$ cat data18.txt   # compact mmCIF, C-alpha atoms and all ligand atoms
# COMPACT_ATOMS: atom_id res chain seq x y z
CA MET H 872 57.81 26.33 -44.03
CA THR H 873 61.11 26.71 -45.92
CA ARG H 874 63.33 23.64 -46.31
CA PRO H 875 65.77 23.31 -43.40
CA LEU H 876 69.49 23.58 -44.06
CA THR H 877 71.86 20.65 -43.78
CA VAL H 878 75.57 20.86 -42.98
CA ALA H 879 76.32 20.74 -46.73
CA ASP H 880 74.42 24.04 -47.24
CA LEU H 881 76.72 26.01 -44.91
CA ALA H 882 79.19 28.32 -46.62
CA PRO H 883 82.79 28.51 -45.34
CA PRO H 884 82.95 31.17 -42.62
CA SER H 885 84.24 34.57 -43.69
CA PRO H 886 87.36 36.00 -42.02
CA ILE H 887 86.97 38.26 -38.98
CA ASP H 888 86.98 41.98 -39.88
CA THR H 889 88.77 44.12 -37.27
CA ARG H 890 86.51 47.10 -38.06
CA ASP H 891 83.45 45.11 -37.14
CA LEU H 892 84.18 43.95 -33.60
CA ARG H 893 81.20 44.71 -31.41
CA PRO H 894 79.08 42.89 -28.79
CA PRO H 895 77.27 39.84 -30.19
CA PRO H 896 73.46 39.82 -30.61
CA ARG H 897 72.68 38.53 -27.07
CA PHE H 898 74.47 41.55 -25.61
CA ALA H 899 73.81 44.12 -28.35
CA GLU H 900 71.15 46.00 -26.40
CA VAL H 901 72.30 45.64 -22.79
CA ALA H 902 73.08 48.67 -20.61
CA PHE H 903 74.07 49.51 -17.03
CA GLU H 904 70.43 50.47 -16.48
CA THR H 905 69.21 46.95 -17.28
CA TYR H 906 71.68 45.32 -14.89
CA HIS H 907 69.89 44.54 -11.62
CA PRO H 908 72.48 43.70 -8.96
CA GLN H 909 71.79 40.50 -7.00
CA HIS H 910 74.74 40.90 -4.64
CA PRO H 911 76.63 43.87 -3.07
CA SER H 912 79.72 43.08 -5.18
CA GLN H 913 77.56 43.45 -8.30
CA SER H 914 76.38 46.95 -7.30
CA GLU H 915 79.97 47.88 -6.67
CA ALA H 916 81.18 46.42 -9.97
CA ARG H 917 78.45 48.21 -11.90
CA GLU H 918 79.36 51.59 -10.36
CA LYS H 919 83.10 51.07 -10.90
CA VAL H 920 82.74 50.06 -14.54
CA ARG H 921 80.28 52.86 -15.22
CA GLU H 922 82.58 55.42 -13.65
CA PHE H 923 85.55 53.99 -15.54
CA VAL H 924 83.96 54.65 -18.93
CA LEU H 925 82.10 57.84 -18.10
CA ALA H 926 85.03 59.58 -16.41
CA ARG H 927 87.55 58.94 -19.18
CA ARG H 928 88.42 61.73 -21.56
CA TRP H 929 87.80 60.02 -24.89
CA ARG H 930 89.54 61.71 -27.78
CA HIS H 931 87.62 60.20 -30.71
CA ARG H 932 84.16 61.17 -29.52
CA ARG H 933 81.32 59.78 -31.57
CA GLY H 934 79.77 62.37 -33.86
CA ALA H 935 82.24 65.09 -32.77
CA ALA H 936 83.42 67.42 -35.54
CA PRO H 937 87.08 66.84 -36.35
CA ALA H 938 89.11 69.32 -34.33
CA ARG H 939 91.16 71.91 -36.22
CA ARG H 940 94.83 71.42 -35.62
CA ARG H 941 96.93 74.35 -34.45
CA PRO H 942 100.65 73.84 -34.22
CA GLY H 943 101.78 72.90 -30.75
CA TRP H 944 98.22 72.64 -29.49
CA TRP H 945 96.58 69.33 -28.50
CA PRO H 946 93.62 69.08 -30.90
CA PHE H 947 91.17 67.26 -28.64
CA GLY H 948 91.05 69.76 -25.80
CA ALA H 949 92.70 67.54 -23.17
CA PRO H 950 95.92 65.59 -23.06
CA ALA H 951 95.80 61.84 -23.62
CA GLU H 952 95.18 59.77 -20.48
CA ALA H 953 97.35 56.96 -19.24
CA GLY H 954 96.30 53.44 -20.19
CA ALA H 955 94.16 51.61 -17.66
CA GLY H 956 92.66 48.16 -17.21
CA LEU H 957 89.68 46.71 -15.36
CA TYR H 958 89.29 42.96 -14.87
CA LEU H 959 85.91 41.51 -13.90
CA ASP H 960 86.49 38.18 -12.22
CA GLY H 961 83.63 35.96 -11.10
CA GLY H 962 81.53 32.79 -11.42
CA PHE H 963 79.10 31.85 -14.17
CA GLY H 964 76.10 33.97 -15.02
CA VAL H 965 76.78 36.81 -12.58
CA GLY H 966 76.52 39.32 -15.42
CA LYS H 967 80.17 40.05 -16.20
CA THR H 968 79.58 40.06 -19.94
CA HIS H 969 76.45 42.16 -19.44
CA LEU H 970 78.63 44.79 -17.70
CA LEU H 971 81.35 44.52 -20.34
CA ALA H 972 78.91 45.11 -23.20
CA SER H 973 77.34 47.97 -21.18
CA ALA H 974 80.79 49.56 -20.90
CA TYR H 975 81.22 49.28 -24.66
CA ALA H 976 77.81 50.86 -25.27
CA ALA H 977 78.39 53.73 -22.83
CA ALA H 978 81.91 54.69 -23.96
CA ASP H 979 81.65 57.87 -26.02
CA THR H 980 84.37 57.04 -28.48
CA ALA H 981 84.41 55.71 -32.00
CA ALA H 982 87.80 54.06 -31.35
CA LYS H 983 86.41 51.09 -29.42
CA ARG H 984 86.14 47.39 -30.15
CA TYR H 985 84.64 44.36 -28.41
CA VAL H 986 86.12 40.92 -28.93
CA SER H 987 86.38 37.55 -27.24
CA PHE H 988 89.81 36.62 -25.90
CA GLN H 989 89.98 33.62 -28.26
CA GLU H 990 89.19 35.76 -31.28
CA LEU H 991 91.74 38.36 -30.26
CA VAL H 992 94.53 35.79 -29.99
CA TYR H 993 93.52 34.19 -33.27
CA MET H 994 93.40 37.56 -35.06
CA ILE H 995 96.82 38.59 -33.80
CA GLY H 996 98.14 35.20 -34.95
CA VAL H 997 96.69 35.65 -38.44
CA MET H 998 97.65 39.32 -38.82
CA GLY H 999 101.04 39.15 -37.15
CA MET H 1000 101.94 41.27 -34.15
CA GLU H 1001 103.08 44.35 -36.08
CA ARG H 1002 99.90 44.66 -38.14
CA ALA H 1003 97.76 43.90 -35.08
CA LYS H 1004 99.45 46.70 -33.18
CA ALA H 1005 99.03 49.07 -36.13
CA GLU H 1006 95.31 48.26 -36.53
CA LEU H 1007 94.25 47.68 -32.96
CA ALA H 1008 96.74 48.87 -30.40
CA ASN H 1009 95.83 52.54 -30.92
CA LEU H 1010 92.24 51.94 -29.84
CA GLU H 1011 90.88 53.97 -26.96
CA LEU H 1012 88.82 51.11 -25.53
CA LEU H 1013 89.15 47.39 -26.02
CA CYS H 1014 86.59 45.13 -24.33
CA ILE H 1015 87.77 41.51 -24.10
CA ASP H 1016 85.34 38.79 -23.03
CA GLU H 1017 86.58 35.59 -21.34
CA PHE H 1018 90.22 36.20 -20.70
CA GLU H 1019 91.79 32.74 -20.47
CA LEU H 1020 95.45 31.88 -20.85
CA ASP H 1021 95.50 28.39 -22.33
CA ASP H 1022 99.11 28.03 -23.37
CA PRO H 1023 102.49 29.81 -23.36
CA GLY H 1024 101.89 31.05 -26.94
CA ASN H 1025 98.77 33.02 -26.17
CA THR H 1026 100.29 34.28 -22.91
CA LEU H 1027 103.20 35.90 -24.73
CA ILE H 1028 101.09 37.23 -27.59
CA VAL H 1029 98.55 38.84 -25.30
CA LYS H 1030 101.13 40.26 -22.94
CA THR H 1031 102.99 41.99 -25.80
CA PHE H 1032 99.83 43.27 -27.46
CA LEU H 1033 98.20 44.62 -24.29
CA ALA H 1034 101.42 46.28 -23.18
CA ALA H 1035 101.45 48.22 -26.50
CA LEU H 1036 97.80 49.17 -26.18
CA LEU H 1037 98.11 50.38 -22.60
CA GLU H 1038 101.32 52.25 -23.38
CA GLY H 1039 99.47 54.11 -26.11
CA GLY H 1040 96.91 55.30 -23.56
CA GLY H 1041 94.25 52.68 -24.36
CA ALA H 1042 91.76 51.36 -21.83
CA VAL H 1043 90.98 47.66 -21.50
CA VAL H 1044 88.00 46.08 -19.76
CA THR H 1045 87.94 42.31 -19.57
CA THR H 1046 85.96 39.44 -17.98
CA SER H 1047 87.12 36.07 -16.73
CA ASN H 1048 86.13 33.12 -14.57
CA THR H 1049 89.70 33.04 -13.19
CA PRO H 1050 91.57 35.68 -11.16
CA PRO H 1051 94.58 37.04 -13.10
CA GLU H 1052 97.29 35.51 -10.94
CA ALA H 1053 95.68 32.02 -11.27
CA GLN H 1054 95.60 32.20 -15.09
CA GLY H 1055 97.21 29.22 -16.81
CA GLN H 1056 97.25 26.98 -13.76
CA GLY H 1057 96.84 23.32 -14.63
CA ARG H 1058 96.89 24.07 -18.38
CA PHE H 1059 100.58 24.65 -18.92
CA ASN H 1060 103.58 25.14 -16.74
CA ALA H 1061 102.37 28.52 -15.55
CA ASP H 1062 105.27 28.87 -13.11
CA ASP H 1063 107.65 29.26 -16.07
CA PHE H 1064 105.56 32.25 -17.16
CA ARG H 1065 105.06 33.77 -13.74
CA ARG H 1066 106.77 37.01 -14.82
CA GLU H 1067 104.51 37.43 -17.87
CA ILE H 1068 101.38 36.53 -15.93
CA GLN H 1069 102.28 38.90 -13.13
CA SER H 1070 103.02 41.70 -15.56
CA LEU H 1071 99.60 41.13 -17.19
CA ALA H 1072 97.92 41.02 -13.78
CA ALA H 1073 99.60 44.27 -12.76
CA SER H 1074 97.94 46.06 -15.69
CA PHE H 1075 94.48 45.54 -14.25
CA GLU H 1076 92.41 46.59 -11.31
CA VAL H 1077 90.48 43.45 -10.37
CA LEU H 1078 86.79 43.65 -9.51
CA ARG H 1079 85.43 40.48 -7.98
CA VAL H 1080 81.79 39.81 -8.96
CA ASP H 1081 79.92 37.31 -6.79
CA GLY H 1082 76.34 36.16 -6.65
CA PRO H 1083 74.00 33.48 -7.96
CA ASP H 1084 73.93 32.28 -11.57
CA TYR H 1085 71.34 34.66 -13.05
CA ARG H 1086 70.57 32.13 -15.77
CA HIS H 1087 69.21 29.66 -13.25
CA ARG H 1088 66.53 31.91 -11.82
CA SER H 1089 63.85 30.25 -13.90
CA SER H 1090 63.63 26.70 -15.17
CA LEU H 1091 66.62 24.49 -15.93
CA GLY H 1092 66.83 23.10 -19.43
CA ALA H 1093 67.16 19.42 -20.36
CA TRP H 1094 67.50 17.33 -23.50
CA LEU H 1095 64.27 16.84 -25.43
CA ALA H 1096 62.81 13.40 -26.08
CA PRO H 1097 63.57 12.31 -29.69
CA GLU H 1098 59.85 12.41 -30.63
CA ARG H 1099 59.53 15.94 -29.30
CA LEU H 1100 62.56 17.09 -31.32
CA ALA H 1101 61.14 15.43 -34.45
CA TRP H 1102 57.83 17.18 -33.87
CA LEU H 1103 59.44 20.59 -33.36
CA THR H 1104 61.68 20.08 -36.40
CA ALA H 1105 58.61 19.47 -38.52
CA HIS H 1106 56.26 22.10 -37.04
CA GLU H 1107 58.02 24.85 -35.15
CA ARG H 1108 58.34 28.14 -37.00
CA ALA H 1109 61.44 29.16 -35.12
CA PRO H 1110 63.76 31.92 -36.41
CA GLY H 1111 65.42 30.67 -39.61
CA PRO H 1112 67.38 29.50 -41.37
CA ARG H 1113 66.95 26.22 -39.49
CA LEU H 1114 69.87 23.76 -39.46
CA VAL H 1115 69.02 20.09 -38.92
CA LEU H 1116 71.81 17.68 -38.00
CA GLY H 1117 72.79 14.63 -35.96
CA TRP H 1118 75.34 14.39 -33.14
CA ASP H 1119 78.07 12.69 -35.21
CA GLU H 1120 77.59 15.13 -38.07
CA LEU H 1121 78.04 18.00 -35.63
CA PHE H 1122 81.43 16.71 -34.49
CA GLU H 1123 82.59 16.12 -38.05
CA LEU H 1124 81.74 19.74 -38.74
CA LEU H 1125 83.41 21.05 -35.58
CA ARG H 1126 86.62 19.08 -36.14
CA GLY H 1127 87.01 20.55 -39.64
CA VAL H 1128 86.97 24.25 -38.66
CA HIS H 1129 89.06 26.31 -36.24
CA PRO H 1130 86.89 27.11 -33.18
CA THR H 1131 87.23 30.87 -33.75
CA ARG H 1132 85.37 30.34 -37.05
CA TYR H 1133 82.34 28.63 -35.45
CA GLY H 1134 80.77 32.08 -35.15
CA GLY H 1135 81.11 32.52 -38.94
CA LEU H 1136 79.26 29.25 -39.48
CA LEU H 1137 76.52 29.98 -36.97
CA LYS H 1138 75.86 33.47 -38.34
CA GLN H 1139 74.19 31.62 -41.22
CA VAL H 1140 71.69 29.94 -38.91
CA GLY H 1141 68.70 31.01 -36.78
CA THR H 1142 67.87 27.74 -34.98
CA VAL H 1143 69.73 24.42 -34.69
CA TYR H 1144 67.86 21.09 -34.42
CA LEU H 1145 70.35 18.57 -33.06
CA ALA H 1146 69.48 14.89 -32.64
CA GLY H 1147 71.09 12.32 -30.39
CA ALA H 1148 73.38 14.10 -27.88
CA ARG H 1149 75.40 11.66 -25.81
CA PRO H 1150 78.41 11.79 -23.47
CA ILE H 1151 81.55 13.17 -25.14
CA ARG H 1152 84.49 10.87 -24.57
CA SER H 1153 87.46 13.05 -25.46
CA GLN H 1154 88.55 16.33 -23.93
CA ASN H 1155 89.33 17.81 -27.37
CA ASP H 1156 85.84 17.16 -28.68
CA ALA H 1157 84.43 18.44 -25.39
CA LEU H 1158 86.31 21.73 -25.84
CA ARG H 1159 85.02 21.99 -29.42
CA PHE H 1160 81.49 21.55 -28.12
CA VAL H 1161 82.13 24.21 -25.45
CA HIS H 1162 83.10 26.73 -28.16
CA PHE H 1163 80.09 25.73 -30.22
CA VAL H 1164 77.72 26.39 -27.30
CA ASP H 1165 79.50 29.68 -26.51
CA LYS H 1166 78.81 30.86 -30.04
CA LEU H 1167 75.20 29.66 -30.11
CA TYR H 1168 74.71 31.53 -26.87
CA ASP H 1169 76.37 34.81 -27.88
CA LEU H 1170 74.77 34.88 -31.32
CA GLN H 1171 71.38 34.00 -29.82
CA VAL H 1172 70.93 31.08 -32.17
CA GLY H 1173 68.16 28.78 -30.90
CA LEU H 1174 68.97 25.19 -29.92
CA ARG H 1175 66.56 22.28 -29.84
CA ALA H 1176 68.38 19.06 -28.97
CA SER H 1177 67.46 15.53 -28.03
CA GLY H 1178 69.81 13.44 -25.95
CA GLU H 1179 70.50 10.85 -23.32
CA GLY H 1180 70.94 11.34 -19.60
CA ALA H 1181 71.41 14.41 -17.44
CA LEU H 1182 73.20 17.43 -18.95
CA ILE H 1183 76.15 17.06 -16.59
CA GLU H 1184 76.89 13.58 -17.97
CA LEU H 1185 77.71 15.16 -21.33
CA PHE H 1186 81.26 15.76 -20.08
CA ASP H 1187 83.04 12.69 -18.83
CA ALA H 1188 84.08 12.80 -15.18
CA SER H 1189 87.67 11.97 -16.29
CA TYR H 1190 88.19 15.51 -17.60
CA ARG H 1191 85.14 17.44 -16.42
CA GLU H 1192 86.72 18.50 -13.13
CA GLY H 1193 90.27 18.96 -14.52
CA ALA H 1194 92.10 22.02 -15.87
CA TYR H 1195 89.09 23.05 -18.00
CA ALA H 1196 86.48 22.49 -15.27
CA LYS H 1197 85.35 26.13 -15.40
CA LYS H 1198 84.81 26.00 -19.16
CA HIS H 1199 82.76 22.82 -18.85
CA HIS H 1200 80.58 24.10 -16.05
CA ARG H 1201 80.07 27.44 -17.79
CA CYS H 1202 79.04 25.53 -20.90
CA LEU H 1203 76.50 23.50 -18.88
CA SER H 1204 75.07 26.75 -17.48
CA ARG H 1205 74.67 28.21 -20.99
CA LEU H 1206 73.42 24.96 -22.49
CA SER H 1207 70.79 24.73 -19.80
CA GLU H 1208 69.60 28.27 -20.58
CA LEU H 1209 69.53 27.58 -24.33
CA LEU H 1210 67.57 24.34 -23.92
CA ALA H 1211 65.12 26.00 -21.54
CA GLU H 1212 64.24 28.38 -24.38
CA ALA H 1213 62.60 25.51 -26.37
CA PRO H 1214 58.81 25.74 -26.27
CA GLU H 1215 57.17 23.21 -23.97
CA ALA H 1216 54.45 20.92 -25.26
CA GLY H 1217 51.20 22.90 -25.41
CA GLU H 1218 52.96 26.28 -25.29
CA PRO H 1219 52.17 28.69 -28.13
CA LEU H 1220 54.69 28.37 -30.95
CA ALA H 1221 56.08 31.37 -32.80
CA GLU H 1222 53.04 31.33 -35.07
CA GLY H 1223 50.05 30.04 -33.18
CA ARG H 1224 49.38 27.22 -30.74
CA GLU H 1225 50.35 23.60 -31.39
CA PRO H 1226 47.44 21.75 -32.96
CA ALA H 1227 45.52 19.72 -30.35
CA GLY H 1228 46.21 15.98 -30.41
CA GLN H 1229 49.60 16.38 -32.09
CA VAL H 1230 51.61 17.33 -29.03
CA VAL H 1231 54.33 14.76 -28.47
CA GLY H 1232 57.19 14.51 -25.98
N1 LIG H 1301 72.23 41.40 -12.53
C1 LIG H 1301 71.69 41.19 -13.72
N2 LIG H 1301 70.67 41.95 -14.15
C2 LIG H 1301 70.10 41.73 -15.34
N3 LIG H 1301 70.48 40.73 -16.17
C3 LIG H 1301 71.49 39.96 -15.81
C4 LIG H 1301 72.16 40.15 -14.57
N4 LIG H 1301 73.13 39.22 -14.45
C5 LIG H 1301 73.07 38.51 -15.57
N5 LIG H 1301 72.09 38.93 -16.39
C6 LIG H 1301 71.70 38.34 -17.65
O1 LIG H 1301 71.89 36.92 -17.49
C7 LIG H 1301 72.57 36.35 -18.59
C8 LIG H 1301 73.93 35.84 -18.15
O2 LIG H 1301 74.76 36.93 -17.81
P1 LIG H 1301 76.24 37.09 -18.40
O3 LIG H 1301 76.38 36.30 -19.63
O4 LIG H 1301 76.56 38.54 -18.47
O5 LIG H 1301 77.06 36.38 -17.21
P2 LIG H 1301 78.61 36.09 -17.10
O6 LIG H 1301 79.02 36.48 -15.73
O7 LIG H 1301 79.33 36.74 -18.24
O8 LIG H 1301 78.65 34.51 -17.22
P3 LIG H 1301 79.79 33.53 -17.84
O9 LIG H 1301 80.80 33.32 -16.78
O10 LIG H 1301 79.04 32.30 -18.15
O11 LIG H 1301 80.36 34.18 -19.05
C9 LIG H 1301 72.65 37.46 -19.64
O12 LIG H 1301 71.52 37.36 -20.47
C10 LIG H 1301 72.60 38.74 -18.81
O13 LIG H 1301 72.07 39.84 -19.56
MG MG H 1302 80.43 36.00 -19.85

$ encode --input "data18.txt" --output "structure tokens" --more "lines below"
Ligand SMILES: Nc1ncnc2c1ncn2[C@@H]1O[C@H](COP(=O)(O)OP(=O)(O)OP(=O)(O)O)[C@@H](O)[C@H]1O
Ligand SMILES: [Mg+2]
Amino acid sequence: MTRPLTVADLAPPSPIDTRDLRPPPRFAEVAFETYHPQHPSQSEAREKVREFVLARRWRHRRGAAPARRRPGWWPFGAPAEAGAGLYLDGGFGVGKTHLLASAYAAADTAAKRYVSFQELVYMIGVMGMERAKAELANLELLCIDEFELDDPGNTLIVKTFLAALLEGGGAVVTTSNTPPEAQGQGRFNADDFRREIQSLAASFEVLRVDGPDYRHRSSLGAWLAPERLAWLTAHERAPGPRLVLGWDELFELLRGVHPTRYGGLLKQVGTVYLAGARPIRSQNDALRFVHFVDKLYDLQVGLRASGEGALIELFDASYREGAYAKKHHRCLSRLSELLAEAPEAGEPLAEGREPAGQVVG
């Protein structure tokens, strides 16, 4: 087996390229056809989103020959449509992101991008509003995962950017765990930004998606025993490169990089072996860990982790149920799914069965 990576082997993450914004590996192959509604609101949401992308008159059709321009004649056969927004609001694991990535896949336009809300805000910040509008606001479809207004800064940035995109005839589909009018509550003085939040909310038709957490249909994941983690680290031929690190090392790494760059770090890794998880005392570190798990999840990087106590104890009760409660609970849902993917003792490993007598944990 090749030598595992340590934190020191990771290269600095490369900057985000606006031409390369597409659904992450976990959602690269999803489609409306593979979405199996578990609740009437899910059937309705699937039909609405499907209709939204199939009924639109896309101008930059994929593979279409460039139209010949005649003076005074619209080159794409039909006039541009008005901008429009759809907002999928619902609990964890009801398949909102599955539907979002399906919309991206089904839209017959080359002028489409898929991005997380966090990445979008960060990119606009780095590029500046004018360049962001020039490069992105003329898109025909922008899919934004996890719309979450955290502070007045991102509220104003996103409001201005989306207004430009919609004005230019762009379509936006987004997902969130929070209905639009409740965005920002408890995180900043949202009442001072009521006008901006309402103007954002007015841009979208809201589809409420209810139902059970699809991730919890099968087994719930838990921390591994330390011996089991050590055994898997030494023997499991999981997708590489494999990164081996301890809990404190992880937080040193996470504190040194902006959370939107965690994806750039984790693209270098196939499976993470993490030893010694324990309750996180500070809200800031907890939010870093939430972003880390989000990226592991989206990029389909494997996680094998040993730790103490029940998963829910990872986040301290002092902040777990506060303004970021939804983020923390969503993280626990994803973490549980990731940990459940670890092979159980006696289960066949990627290359053959575990040798008899050596199964630990
Ligand atoms: N109805 C469904 N049919 C098929 N697969 C589903 C369905 N709902 C969810 N899934 C799958 O379950 C997993 C979780 O779904 P997804 O990430 O889309 O949920 P979500 O609503 O975006 O959750 P979160 O709020 O945590 O972001 C994904 O792998 C997704 O493909
Ligand atoms: Mg999601």

$ residues_near_ligand --input "data18.txt" --ligand "ligand LIG 1301 (chain H)" --cutoff "9 Å" --atoms "only C-alpha atoms and all ligand atoms" --output "PyMOL selection string"
chain H and resi 897-898+901-910+913-914+959-972+1016-1017+1046-1048+1080+1082-1087+1165+1168-1169+1197-1198+1200-1202+1204-1205+1208

$ atom_distance --input "data18.txt" --atom1 "CA of Val1115 in chain H" --atom2 "CA of Thr877 in chain H"
5.7 Å

$ residues_around --input "data18.txt" --residues "Pro1130 in chain H" --least-positions-apart "6" --cutoff "10 Å" --atoms "all atoms listed in the file" --output "PyMOL selection string"
chain H and resi 989-990+993+1158-1163+1166

$ write_last_selection --input "data18.txt" --atoms "C-alpha atoms" --output "PDB file, in the frame of the given file"
ATOM      1  CA  GLN H 989      89.980  33.620 -28.260  1.00  0.00           C
ATOM      2  CA  GLU H 990      89.190  35.760 -31.280  1.00  0.00           C
ATOM      3  CA  TYR H 993      93.520  34.190 -33.270  1.00  0.00           C
ATOM      4  CA  LEU H1158      86.310  21.730 -25.840  1.00  0.00           C
ATOM      5  CA  ARG H1159      85.020  21.990 -29.420  1.00  0.00           C
ATOM      6  CA  PHE H1160      81.490  21.550 -28.120  1.00  0.00           C
ATOM      7  CA  VAL H1161      82.130  24.210 -25.450  1.00  0.00           C
ATOM      8  CA  HIS H1162      83.100  26.730 -28.160  1.00  0.00           C
ATOM      9  CA  PHE H1163      80.090  25.730 -30.220  1.00  0.00           C
ATOM     10  CA  LYS H1166      78.810  30.860 -30.040  1.00  0.00           C
TER      11      LYS H1166
END

$ residues_around --input "data18.txt" --residues "Phe988 in chain H" --least-positions-apart "3" --cutoff "7 Å" --atoms "all atoms listed in the file" --output "PyMOL selection string"
chain H and resi 991-992+1015-1019

$ closest_residue --input "data18.txt" --among "H:Pro875, H:Leu957, H:Trp929, H:Thr1049" --to "ligand MG 1302 (chain H)" --atoms "all atoms listed in the file"
H:Thr1049

$ closest_residue --input "data18.txt" --among "H:Ala955, H:Leu1116, H:Ala899, H:Ala1196" --to "Leu1012 in chain H" --atoms "only C-alpha atoms"
H:Ala955

$ residues_around --input "data18.txt" --residues "Leu892 in chain H" --least-positions-apart "6" --cutoff "9 Å" --atoms "only C-alpha atoms" --output "short mmCIF file (atom, residue, chain, number, x, y, z; two decimals) with C-alpha atoms, in the coordinates of the input"
data_model
loop_
_atom_site.label_atom_id
_atom_site.label_comp_id
_atom_site.auth_asym_id
_atom_site.auth_seq_id
_atom_site.Cartn_x
_atom_site.Cartn_y
_atom_site.Cartn_z
CA LYS H 983 86.41 51.09 -29.42
CA ARG H 984 86.14 47.39 -30.15
CA TYR H 985 84.64 44.36 -28.41
CA VAL H 986 86.12 40.92 -28.93
#

$ closest_residue --input "data18.txt" --among "H:Lys919, H:Gly1135, H:Glu1123, H:Gly1057" --to "Val1044 in chain H" --atoms "all atoms listed in the file"
H:Lys919

$ residues_near_point --input "data18.txt" --point "(99.7, 34.6, -27.1)" --cutoff "12 Å" --atoms "only C-alpha atoms" --output "NGL selection string"
:H and (988-997 or 999-1000 or 1018-1033 or 1055 or 1064 or 1067-1068 or 1071)

$ closest_residue --input "data18.txt" --among "H:Arg1191, H:Val920, H:Pro883, H:Ser987" --to "His1129 in chain H" --atoms "all atoms listed in the file"
H:Pro883

$ closest_residue --input "data18.txt" --among "H:Cys1014, H:Glu900, H:Lys1004, H:Ala976" --to "ligand MG 1302 (chain H)" --atoms "only C-alpha atoms and all ligand atoms"
H:Cys1014

$ residues_around --input "data18.txt" --residues "range 1210-1213 of chain H" --least-positions-apart "3" --cutoff "9 Å" --atoms "all atoms listed in the file" --output "mmCIF file with C-alpha atoms, in the coordinates of the input"
data_model
loop_
_atom_site.group_PDB
_atom_site.id
_atom_site.type_symbol
_atom_site.label_atom_id
_atom_site.label_comp_id
_atom_site.auth_asym_id
_atom_site.auth_seq_id
_atom_site.Cartn_x
_atom_site.Cartn_y
_atom_site.Cartn_z
ATOM 1 C CA SER H 1089 63.850 30.250 -13.900
ATOM 2 C CA SER H 1090 63.630 26.700 -15.170
ATOM 3 C CA LEU H 1091 66.620 24.490 -15.930
ATOM 4 C CA GLY H 1092 66.830 23.100 -19.430
ATOM 5 C CA ALA H 1093 67.160 19.420 -20.360
ATOM 6 C CA TRP H 1094 67.500 17.330 -23.500
ATOM 7 C CA LEU H 1095 64.270 16.840 -25.430
ATOM 8 C CA GLY H 1173 68.160 28.780 -30.900
ATOM 9 C CA LEU H 1174 68.970 25.190 -29.920
ATOM 10 C CA ARG H 1175 66.560 22.280 -29.840
ATOM 11 C CA ALA H 1176 68.380 19.060 -28.970
ATOM 12 C CA ARG H 1205 74.670 28.210 -20.990
ATOM 13 C CA LEU H 1206 73.420 24.960 -22.490
ATOM 14 C CA SER H 1207 70.790 24.730 -19.800
#

$ atom_distance --input "data18.txt" --atom1 "CA of Arg1108 in chain H" --atom2 "CA of Glu1215 in chain H"
14.0 Å

$ closest_residue --input "data18.txt" --among "H:Pro1112, H:Gly934, H:Gly1178, H:Pro896" --to "Leu881 in chain H" --atoms "all atoms listed in the file"
H:Pro1112

$ atom_distance --input "data18.txt" --atom1 "CA of Leu1136 in chain H" --atom2 "CA of Thr873 in chain H"
19.4 Å

$ residues_around --input "data18.txt" --residues "range 1146-1157 of chain H" --least-positions-apart "6" --cutoff "7 Å" --atoms "only C-alpha atoms" --output "ChimeraX atom specification"
/H:1116-1118,1176-1179,1184-1187,1190

$ build_atoms --input "data18.txt" --residues "range 927-936 of chain H" --atoms "N, CA and C atoms" --output "CSV table (one decimal), in the frame of the given file"
chain,number,residue,atom,x,y,z
H,927,ARG,N,86.4,58.8,-18.3
H,927,ARG,CA,87.6,58.9,-19.2
H,927,ARG,C,87.4,60.0,-20.2
H,928,ARG,N,88.5,60.7,-20.5
H,928,ARG,CA,88.4,61.7,-21.6
H,928,ARG,C,88.7,61.1,-22.9
H,929,TRP,N,87.6,60.7,-23.6
H,929,TRP,CA,87.8,60.0,-24.9
H,929,TRP,C,88.2,61.1,-25.9
H,930,ARG,N,89.1,60.7,-26.8
H,930,ARG,CA,89.5,61.7,-27.8
H,930,ARG,C,88.8,61.6,-29.1
H,931,HIS,N,88.3,60.4,-29.4
H,931,HIS,CA,87.6,60.2,-30.7
H,931,HIS,C,86.1,60.1,-30.4
H,932,ARG,N,85.6,61.2,-29.9
H,932,ARG,CA,84.2,61.2,-29.5
H,932,ARG,C,83.3,60.9,-30.7
H,933,ARG,N,82.2,60.1,-30.5
H,933,ARG,CA,81.3,59.8,-31.6
H,933,ARG,C,80.6,61.0,-32.0
H,934,GLY,N,80.5,61.3,-33.3
H,934,GLY,CA,79.8,62.4,-33.9
H,934,GLY,C,80.4,63.7,-33.7
H,935,ALA,N,81.6,63.8,-33.0
H,935,ALA,CA,82.2,65.1,-32.8
H,935,ALA,C,82.9,65.6,-34.1
H,936,ALA,N,82.8,66.9,-34.3
H,936,ALA,CA,83.4,67.4,-35.5
H,936,ALA,C,84.9,67.3,-35.4
